[in-house]
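In what follows, a single structure is set out as structure tokens and then discussed.
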Amino acid sequence: MAGTRQASSLMVVPIPAGTSRTYLYLDRLAAGHHSAFGPSHLNLCLALVNQLSTLIERIEQEKKDLLNEDALDRRIYLADVVTQNAEMVRILKLVEKVSNTDLTVLLQGETGTGKTLIARAIHLTSDRAEGAFVTVDCAALPENLLESELFGYVKGAFTGAQIDKKGLFEEADGGTIFLDEIGKAGLGVQRRLLHLLDRGEVRPVGSTSYRKLNVRVICATSKENLLSDPEAPFIKDLFYRLNDIIVQVPSLADRPEDIPLLTEYFLEMFKNQTGREFPNFSRAAMQRLVRYSWPGNVRELEKAVRRAAILSEDGEAIGVELLPAEIISNTEVTSKQVPTSDGLRGTVQDMERRMVLEALEANNWNKTRAAESLGLSRKGLKNKITRYGLTPRGA
């Protein structure tokens, strides 16, 4: 005890709660005519400890719930990659495995397949989620502009450089930068990127000093092989530095079973954006969507669904006549056909009900674990249980 403070009687009672050792300490000073603590004081103290224990447990549980909700909120961004395709599911599982590592990821796939969404999912499920997610289209700028945009420049570095400018790599410090169409970057940019990956530092254009950065780099390309294009040479050392993990994103034509899911997702998204209810697609229209080859992939599907939804009439199913001409006239057939449920909504709801029930049974109806396995919040799972009238077997 501090100073000359002396106690004639003291009582120390452990509080059985929380993750750290906590005690309730009481004392009585020697000065005055205070008597020693007795049984009545101990009983009062134990009652107080009991209340404190309950309060501490509740506070710690609330903190734990908040952390769990935060993790689920970040995981639910994976749902933006809407799929039931086995290869896409495998990719999403891989995303979760590599998100909290420093491995570089190279996404390969046709334009419009969702590479940006997958890159964002890696960022949002990582411990960098609170940092910036910066996207750069390397095909959109000539090399000299791309170099100064990525790495920044100092005043006087070139004509028009009136002030120092921070580059996009510095903007992404502590977060993630996504370099789309990395194969379009010139050799100068490639050399600087290789230095960053090897040394963790950048040098702005016109500067003589380097700046340390902590940034994760994810790259993407629509080329099958970055090293095989003689018109766009790519540094071998950089290629091998980028491909710790290569993810081949399938085209929409290779995952036709996802088209009903994506269509439902886009209709719901447009409803949230506009506040307007949209009808479902007719069976004939859905068959056309599934059979179309989708050279523009998911991006083209989103555009087609948006167009048809805007042109639709309230209360009437979206028919074939509202689809773009290239889809109506298309005769190519993909390897899989539209599901046989009555309408899109029935198909999606049947599948969702089955997935929710399977997750609950696999986790012995533990709602927290089931929600986590589905990428839902606990509240969202409860809503689906109520909507589908789900109950444990034998209940």
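Chain labels follow the order of the structure tokens: the first chain is A, the next B, and so on; residue numbering restarts at 1 in every chain, and ligands are counted from 1 in their shown order.
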Using backbone DSSP assignments, extract all alpha helix (DSSP H) residues from range 109-261 of chain A; output them as a PyMOL selection string.
chain A and resi 115-124+143-151+168-171+187-199+236-242+259-261
Take the residues just selected and output them with N, CA and C atoms as a short mmCIF file (atom, residue, chain, number, x, y, z; two decimals), in the first residue's frame.
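Dumped to part.cif:
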data_model
loop_
_atom_site.label_atom_id
_atom_site.label_comp_id
_atom_site.auth_asym_id
_atom_site.auth_seq_id
_atom_site.Cartn_x
_atom_site.Cartn_y
_atom_site.Cartn_z
N LYS A 115 -12.58 -11.21 -61.84
CA LYS A 115 -11.25 -11.22 -61.20
C LYS A 115 -11.14 -10.11 -60.15
N THR A 116 -11.73 -8.95 -60.44
CA THR A 116 -11.68 -7.85 -59.46
C THR A 116 -12.42 -8.22 -58.19
N LEU A 117 -13.57 -8.89 -58.32
CA LEU A 117 -14.33 -9.32 -57.14
C LEU A 117 -13.53 -10.30 -56.29
N ILE A 118 -12.82 -11.21 -56.95
CA ILE A 118 -12.02 -12.18 -56.21
C ILE A 118 -10.86 -11.48 -55.50
N ALA A 119 -10.22 -10.53 -56.19
CA ALA A 119 -9.15 -9.76 -55.55
C ALA A 119 -9.68 -9.00 -54.34
N ARG A 120 -10.86 -8.41 -54.47
CA ARG A 120 -11.45 -7.68 -53.34
C ARG A 120 -11.79 -8.64 -52.20
N ALA A 121 -12.25 -9.85 -52.55
CA ALA A 121 -12.56 -10.84 -51.52
C ALA A 121 -11.30 -11.22 -50.74
N ILE A 122 -10.17 -11.37 -51.43
CA ILE A 122 -8.91 -11.66 -50.75
C ILE A 122 -8.58 -10.54 -49.76
N HIS A 123 -8.75 -9.30 -50.21
CA HIS A 123 -8.46 -8.15 -49.35
C HIS A 123 -9.39 -8.11 -48.14
N LEU A 124 -10.68 -8.27 -48.38
CA LEU A 124 -11.67 -8.08 -47.31
C LEU A 124 -11.70 -9.22 -46.30
N GLU A 143 2.84 3.91 -70.72
CA GLU A 143 3.79 3.51 -69.68
C GLU A 143 4.28 4.67 -68.83
N ASN A 144 4.60 5.81 -69.44
CA ASN A 144 5.15 6.91 -68.63
C ASN A 144 4.13 7.43 -67.62
N LEU A 145 2.86 7.49 -68.01
CA LEU A 145 1.83 7.93 -67.08
C LEU A 145 1.55 6.87 -66.02
N LEU A 146 1.55 5.61 -66.44
CA LEU A 146 1.31 4.52 -65.49
C LEU A 146 2.40 4.50 -64.43
N GLU A 147 3.65 4.71 -64.86
CA GLU A 147 4.78 4.70 -63.92
C GLU A 147 4.63 5.79 -62.86
N SER A 148 4.29 7.00 -63.29
CA SER A 148 4.16 8.10 -62.33
C SER A 148 2.92 7.94 -61.46
N GLU A 149 1.84 7.34 -62.00
CA GLU A 149 0.64 7.10 -61.20
C GLU A 149 0.92 6.05 -60.12
N LEU A 150 1.63 5.00 -60.48
CA LEU A 150 1.88 3.92 -59.53
C LEU A 150 2.91 4.30 -58.47
N PHE A 151 3.99 4.93 -58.89
CA PHE A 151 5.12 5.15 -57.98
C PHE A 151 5.24 6.59 -57.50
N LEU A 168 0.16 5.47 -56.27
CA LEU A 168 -0.91 4.58 -55.82
C LEU A 168 -0.39 3.48 -54.90
N PHE A 169 0.87 3.07 -55.07
CA PHE A 169 1.43 2.09 -54.13
C PHE A 169 1.47 2.68 -52.72
N GLU A 170 1.85 3.94 -52.60
CA GLU A 170 1.85 4.57 -51.28
C GLU A 170 0.44 4.75 -50.75
N GLU A 171 -0.51 5.03 -51.65
CA GLU A 171 -1.91 5.15 -51.22
C GLU A 171 -2.40 3.83 -50.64
N LEU A 187 8.09 -2.43 -69.66
CA LEU A 187 9.24 -3.01 -68.95
C LEU A 187 9.72 -2.12 -67.80
N GLY A 188 9.61 -0.80 -67.97
CA GLY A 188 10.04 0.10 -66.89
C GLY A 188 9.20 -0.10 -65.63
N VAL A 189 7.89 -0.19 -65.82
CA VAL A 189 6.99 -0.44 -64.69
C VAL A 189 7.27 -1.82 -64.09
N GLN A 190 7.51 -2.80 -64.96
CA GLN A 190 7.78 -4.16 -64.48
C GLN A 190 9.03 -4.19 -63.60
N ARG A 191 10.08 -3.49 -64.02
CA ARG A 191 11.32 -3.49 -63.22
C ARG A 191 11.08 -2.86 -61.85
N ARG A 192 10.34 -1.76 -61.82
CA ARG A 192 10.05 -1.11 -60.54
C ARG A 192 9.19 -2.01 -59.65
N LEU A 193 8.24 -2.71 -60.26
CA LEU A 193 7.38 -3.61 -59.49
C LEU A 193 8.20 -4.76 -58.91
N LEU A 194 9.12 -5.30 -59.70
CA LEU A 194 9.98 -6.38 -59.22
C LEU A 194 10.81 -5.90 -58.03
N HIS A 195 11.32 -4.68 -58.10
CA HIS A 195 12.11 -4.13 -56.98
C HIS A 195 11.23 -4.00 -55.73
N LEU A 196 10.00 -3.54 -55.91
CA LEU A 196 9.09 -3.41 -54.77
C LEU A 196 8.83 -4.77 -54.12
N LEU A 197 8.58 -5.78 -54.94
CA LEU A 197 8.29 -7.10 -54.39
C LEU A 197 9.51 -7.69 -53.68
N ASP A 198 10.69 -7.41 -54.20
CA ASP A 198 11.92 -7.96 -53.60
C ASP A 198 12.36 -7.19 -52.36
N ARG A 199 12.22 -5.86 -52.40
CA ARG A 199 12.79 -5.02 -51.33
C ARG A 199 11.75 -4.35 -50.44
N LYS A 236 10.82 -12.41 -66.94
CA LYS A 236 10.63 -13.75 -66.36
C LYS A 236 10.71 -13.73 -64.84
N ASP A 237 11.69 -13.02 -64.30
CA ASP A 237 11.84 -12.97 -62.84
C ASP A 237 10.59 -12.41 -62.18
N LEU A 238 9.96 -11.43 -62.82
CA LEU A 238 8.74 -10.86 -62.27
C LEU A 238 7.60 -11.87 -62.33
N PHE A 239 7.51 -12.58 -63.45
CA PHE A 239 6.45 -13.59 -63.58
C PHE A 239 6.56 -14.63 -62.46
N TYR A 240 7.77 -15.12 -62.22
CA TYR A 240 7.95 -16.13 -61.18
C TYR A 240 7.76 -15.55 -59.78
N ARG A 241 7.95 -14.23 -59.66
CA ARG A 241 7.72 -13.57 -58.37
C ARG A 241 6.23 -13.37 -58.11
N LEU A 242 5.45 -13.24 -59.18
CA LEU A 242 4.02 -12.98 -59.05
C LEU A 242 3.19 -14.24 -58.85
N ILE A 259 -25.83 -19.15 -63.78
CA ILE A 259 -26.58 -18.07 -64.44
C ILE A 259 -27.90 -17.76 -63.72
N PRO A 260 -28.72 -18.75 -63.32
CA PRO A 260 -29.93 -18.41 -62.54
C PRO A 260 -29.60 -17.69 -61.24
N LEU A 261 -28.55 -18.14 -60.54
CA LEU A 261 -28.16 -17.49 -59.29
C LEU A 261 -27.73 -16.04 -59.52
#
Excluding Thr274 in chain A and any residue of its chain fewer than 6 positions from it, enumerate the residues within 12 Å of it, using only C-alpha atoms, and give them as JSON, numbers by chain.
{"A": [267, 268, 306, 309, 310]}
Which polymer residues have any atom within 9 Å of an atom of range 353-355 of chain A, counting only C-alpha atoms, with same-chain residues fewer than 6 positions away left out, as a list in words?
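These residues fall inside the cut-off: Leu374, Lys384, Ile385, Tyr388 and Leu390 of chain A.
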So which residues touch range 172-182 of chain A within 7 Å, counting only C-alpha atoms, skipping near sequence neighbours fewer than 5 positions away, as a PDB file with N, CA and C atoms, in the first residue's frame?
ATOM      1  N   ALA A 119     -10.223 -10.528 -56.191  1.00  0.00           N
ATOM      2  CA  ALA A 119      -9.147  -9.758 -55.551  1.00  0.00           C
ATOM      3  C   ALA A 119      -9.680  -9.003 -54.337  1.00  0.00           C
ATOM      4  N   HIS A 123      -8.746  -9.303 -50.213  1.00  0.00           N
ATOM      5  CA  HIS A 123      -8.455  -8.150 -49.346  1.00  0.00           C
ATOM      6  C   HIS A 123      -9.386  -8.108 -48.139  1.00  0.00           C
ATOM      7  N   ARG A 128      -5.768  -7.091 -43.599  1.00  0.00           N
ATOM      8  CA  ARG A 128      -5.583  -5.772 -44.204  1.00  0.00           C
ATOM      9  C   ARG A 128      -6.924  -5.118 -44.555  1.00  0.00           C
ATOM     10  N   GLY A 131      -7.475  -1.509 -44.339  1.00  0.00           N
ATOM     11  CA  GLY A 131      -6.649  -0.653 -45.181  1.00  0.00           C
ATOM     12  C   GLY A 131      -7.291  -0.416 -46.534  1.00  0.00           C
ATOM     13  N   ALA A 132      -6.600   0.350 -47.372  1.00  0.00           N
ATOM     14  CA  ALA A 132      -7.143   0.707 -48.685  1.00  0.00           C
ATOM     15  C   ALA A 132      -7.084  -0.481 -49.641  1.00  0.00           C
ATOM     16  N   PHE A 133      -8.061  -0.540 -50.552  1.00  0.00           N
ATOM     17  CA  PHE A 133      -8.023  -1.485 -51.667  1.00  0.00           C
ATOM     18  C   PHE A 133      -7.993  -0.632 -52.929  1.00  0.00           C
ATOM     19  N   VAL A 134      -6.844  -0.596 -53.587  1.00  0.00           N
ATOM     20  CA  VAL A 134      -6.629   0.278 -54.738  1.00  0.00           C
ATOM     21  C   VAL A 134      -6.572  -0.569 -56.002  1.00  0.00           C
ATOM     22  N   THR A 135      -7.382  -0.215 -57.002  1.00  0.00           N
ATOM     23  CA  THR A 135      -7.387  -0.954 -58.266  1.00  0.00           C
ATOM     24  C   THR A 135      -6.779  -0.085 -59.363  1.00  0.00           C
ATOM     25  N   VAL A 136      -5.994  -0.725 -60.211  1.00  0.00           N
ATOM     26  CA  VAL A 136      -5.330  -0.023 -61.307  1.00  0.00           C
ATOM     27  C   VAL A 136      -5.480  -0.859 -62.572  1.00  0.00           C
ATOM     28  N   ASP A 137      -5.978  -0.240 -63.646  1.00  0.00           N
ATOM     29  CA  ASP A 137      -6.053  -0.905 -64.946  1.00  0.00           C
ATOM     30  C   ASP A 137      -4.796  -0.532 -65.720  1.00  0.00           C
ATOM     31  N   CYS A 138      -3.867  -1.471 -65.802  1.00  0.00           N
ATOM     32  CA  CYS A 138      -2.573  -1.183 -66.436  1.00  0.00           C
ATOM     33  C   CYS A 138      -2.701  -0.969 -67.942  1.00  0.00           C
ATOM     34  N   ALA A 139      -3.831  -1.387 -68.526  1.00  0.00           N
ATOM     35  CA  ALA A 139      -4.027  -1.217 -69.965  1.00  0.00           C
ATOM     36  C   ALA A 139      -4.582   0.159 -70.304  1.00  0.00           C
ATOM     37  N   LEU A 213       7.427   0.417 -47.867  1.00  0.00           N
ATOM     38  CA  LEU A 213       5.980   0.226 -47.913  1.00  0.00           C
ATOM     39  C   LEU A 213       5.617  -1.163 -47.413  1.00  0.00           C
ATOM     40  N   ASN A 214       4.397  -1.284 -46.921  1.00  0.00           N
ATOM     41  CA  ASN A 214       3.831  -2.577 -46.543  1.00  0.00           C
ATOM     42  C   ASN A 214       2.524  -2.729 -47.305  1.00  0.00           C
ATOM     43  N   VAL A 215       2.593  -3.295 -48.483  1.00  0.00           N
ATOM     44  CA  VAL A 215       1.420  -3.389 -49.348  1.00  0.00           C
ATOM     45  C   VAL A 215       1.360  -4.774 -49.980  1.00  0.00           C
ATOM     46  N   ARG A 216       0.161  -5.323 -50.060  1.00  0.00           N
ATOM     47  CA  ARG A 216      -0.004  -6.608 -50.732  1.00  0.00           C
ATOM     48  C   ARG A 216      -0.342  -6.349 -52.194  1.00  0.00           C
ATOM     49  N   VAL A 217       0.280  -7.122 -53.076  1.00  0.00           N
ATOM     50  CA  VAL A 217       0.079  -6.964 -54.514  1.00  0.00           C
ATOM     51  C   VAL A 217      -0.665  -8.181 -55.059  1.00  0.00           C
ATOM     52  N   ILE A 218      -1.779  -7.916 -55.734  1.00  0.00           N
ATOM     53  CA  ILE A 218      -2.525  -8.949 -56.458  1.00  0.00           C
ATOM     54  C   ILE A 218      -2.583  -8.509 -57.910  1.00  0.00           C
ATOM     55  N   CYS A 219      -2.263  -9.408 -58.822  1.00  0.00           N
ATOM     56  CA  CYS A 219      -2.255  -9.075 -60.245  1.00  0.00           C
ATOM     57  C   CYS A 219      -3.255  -9.940 -61.002  1.00  0.00           C
ATOM     58  N   ALA A 220      -3.655  -9.450 -62.168  1.00  0.00           N
ATOM     59  CA  ALA A 220      -4.581 -10.209 -63.007  1.00  0.00           C
ATOM     60  C   ALA A 220      -4.214 -10.018 -64.465  1.00  0.00           C
ATOM     61  N   THR A 221      -4.556 -11.005 -65.264  1.00  0.00           N
ATOM     62  CA  THR A 221      -4.320 -10.937 -66.701  1.00  0.00           C
ATOM     63  C   THR A 221      -5.374 -11.750 -67.436  1.00  0.00           C
ATOM     64  N   SER A 222      -5.714 -11.295 -68.636  1.00  0.00           N
ATOM     65  CA  SER A 222      -6.623 -12.066 -69.485  1.00  0.00           C
ATOM     66  C   SER A 222      -5.849 -12.960 -70.448  1.00  0.00           C
TER      67      SER A 222
END
Quick one: residues within 7 Å of range 292-303 of chain A, only C-alpha atoms counted, chain neighbours fewer than 4 positions away excluded, as JSON, numbers by chain?
{"A": [111, 112, 113, 114, 251, 252, 253, 266, 288, 307, 327, 330, 332, 333, 334]}
A straight line from CA of Arg283 in chain A to CA of Met88 in chain A spans 25.2 Å
Neighbours of range 315-317 of chain A within 7 Å (only C-alpha atoms; same-chain residues fewer than 3 positions away dropped), as a list in words?
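Everything that qualifies: Pro279, Asn280, Phe281 and Ser282 of chain A.
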Report as a PyMOL selection string: the residues of range 103-262 of chain A with a DSSP assignment of strand (DSSP E or B), based on the backbone of this structure.
chain A and resi 105-108+133-137+153+165+176-180+201-202+205+211-212+216-221+245-248
Deliver the residues from the most recent selection as a file, using N, CA and C atoms, as a tab-separated table (two decimals), in the first residue's frame.
chain	number	residue	atom	x	y	z
A	105	VAL	N	-0.63	-13.29	-55.52
A	105	VAL	CA	-1.67	-14.03	-56.23
A	105	VAL	C	-1.80	-13.47	-57.64
A	106	LEU	N	-1.80	-14.37	-58.63
A	106	LEU	CA	-2.01	-13.99	-60.02
A	106	LEU	C	-3.33	-14.60	-60.49
A	107	LEU	N	-4.27	-13.74	-60.85
A	107	LEU	CA	-5.58	-14.19	-61.33
A	107	LEU	C	-5.57	-14.19	-62.85
A	108	GLN	N	-5.91	-15.34	-63.43
A	108	GLN	CA	-5.97	-15.46	-64.89
A	108	GLN	C	-7.40	-15.78	-65.30
A	133	PHE	N	-8.06	-0.54	-50.55
A	133	PHE	CA	-8.02	-1.49	-51.67
A	133	PHE	C	-7.99	-0.63	-52.93
A	134	VAL	N	-6.84	-0.60	-53.59
A	134	VAL	CA	-6.63	0.28	-54.74
A	134	VAL	C	-6.57	-0.57	-56.00
A	135	THR	N	-7.38	-0.21	-57.00
A	135	THR	CA	-7.39	-0.95	-58.27
A	135	THR	C	-6.78	-0.08	-59.36
A	136	VAL	N	-5.99	-0.73	-60.21
A	136	VAL	CA	-5.33	-0.02	-61.31
A	136	VAL	C	-5.48	-0.86	-62.57
A	137	ASP	N	-5.98	-0.24	-63.65
A	137	ASP	CA	-6.05	-0.90	-64.95
A	137	ASP	C	-4.80	-0.53	-65.72
A	153	TYR	N	5.80	10.89	-57.99
A	153	TYR	CA	6.92	11.66	-58.52
A	153	TYR	C	7.20	12.84	-57.60
A	165	LYS	N	3.96	14.26	-55.72
A	165	LYS	CA	2.70	13.52	-55.78
A	165	LYS	C	2.92	12.09	-55.30
A	176	THR	N	-4.04	-3.22	-49.86
A	176	THR	CA	-3.84	-4.08	-51.03
A	176	THR	C	-3.95	-3.25	-52.30
A	177	ILE	N	-3.09	-3.55	-53.28
A	177	ILE	CA	-3.21	-2.95	-54.60
A	177	ILE	C	-3.47	-4.06	-55.61
A	178	PHE	N	-4.45	-3.84	-56.48
A	178	PHE	CA	-4.83	-4.82	-57.49
A	178	PHE	C	-4.45	-4.26	-58.86
A	179	LEU	N	-3.51	-4.92	-59.52
A	179	LEU	CA	-3.02	-4.50	-60.83
A	179	LEU	C	-3.67	-5.37	-61.90
A	180	ASP	N	-4.72	-4.83	-62.52
A	180	ASP	CA	-5.42	-5.57	-63.57
A	180	ASP	C	-4.66	-5.42	-64.89
A	201	GLU	N	10.06	-1.58	-51.17
A	201	GLU	CA	10.27	-0.13	-51.21
A	201	GLU	C	10.05	0.39	-52.62
A	202	VAL	N	9.69	1.67	-52.72
A	202	VAL	CA	9.50	2.31	-54.02
A	202	VAL	C	10.31	3.60	-54.07
A	205	VAL	N	9.30	8.76	-59.21
A	205	VAL	CA	9.96	9.25	-60.42
A	205	VAL	C	10.66	10.58	-60.10
A	211	ARG	N	11.29	4.70	-50.44
A	211	ARG	CA	10.34	4.75	-49.33
A	211	ARG	C	9.83	3.35	-49.04
A	212	LYS	N	9.94	2.93	-47.80
A	212	LYS	CA	9.49	1.61	-47.38
A	212	LYS	C	7.97	1.54	-47.38
A	216	ARG	N	0.16	-5.32	-50.06
A	216	ARG	CA	0.00	-6.61	-50.73
A	216	ARG	C	-0.34	-6.35	-52.19
A	217	VAL	N	0.28	-7.12	-53.08
A	217	VAL	CA	0.08	-6.96	-54.51
A	217	VAL	C	-0.67	-8.18	-55.06
A	218	ILE	N	-1.78	-7.92	-55.73
A	218	ILE	CA	-2.53	-8.95	-56.46
A	218	ILE	C	-2.58	-8.51	-57.91
A	219	CYS	N	-2.26	-9.41	-58.82
A	219	CYS	CA	-2.26	-9.07	-60.24
A	219	CYS	C	-3.25	-9.94	-61.00
A	220	ALA	N	-3.66	-9.45	-62.17
A	220	ALA	CA	-4.58	-10.21	-63.01
A	220	ALA	C	-4.21	-10.02	-64.47
A	221	THR	N	-4.56	-11.01	-65.26
A	221	THR	CA	-4.32	-10.94	-66.70
A	221	THR	C	-5.37	-11.75	-67.44
A	245	ILE	N	0.72	-18.04	-56.11
A	245	ILE	CA	-0.58	-18.70	-56.26
A	245	ILE	C	-1.19	-18.22	-57.58
A	246	ILE	N	-1.48	-19.15	-58.49
A	246	ILE	CA	-2.17	-18.81	-59.74
A	246	ILE	C	-3.60	-19.32	-59.64
A	247	VAL	N	-4.55	-18.42	-59.87
A	247	VAL	CA	-5.96	-18.77	-59.83
A	247	VAL	C	-6.53	-18.60	-61.23
A	248	GLN	N	-6.99	-19.69	-61.82
A	248	GLN	CA	-7.60	-19.65	-63.14
A	248	GLN	C	-9.11	-19.49	-62.96
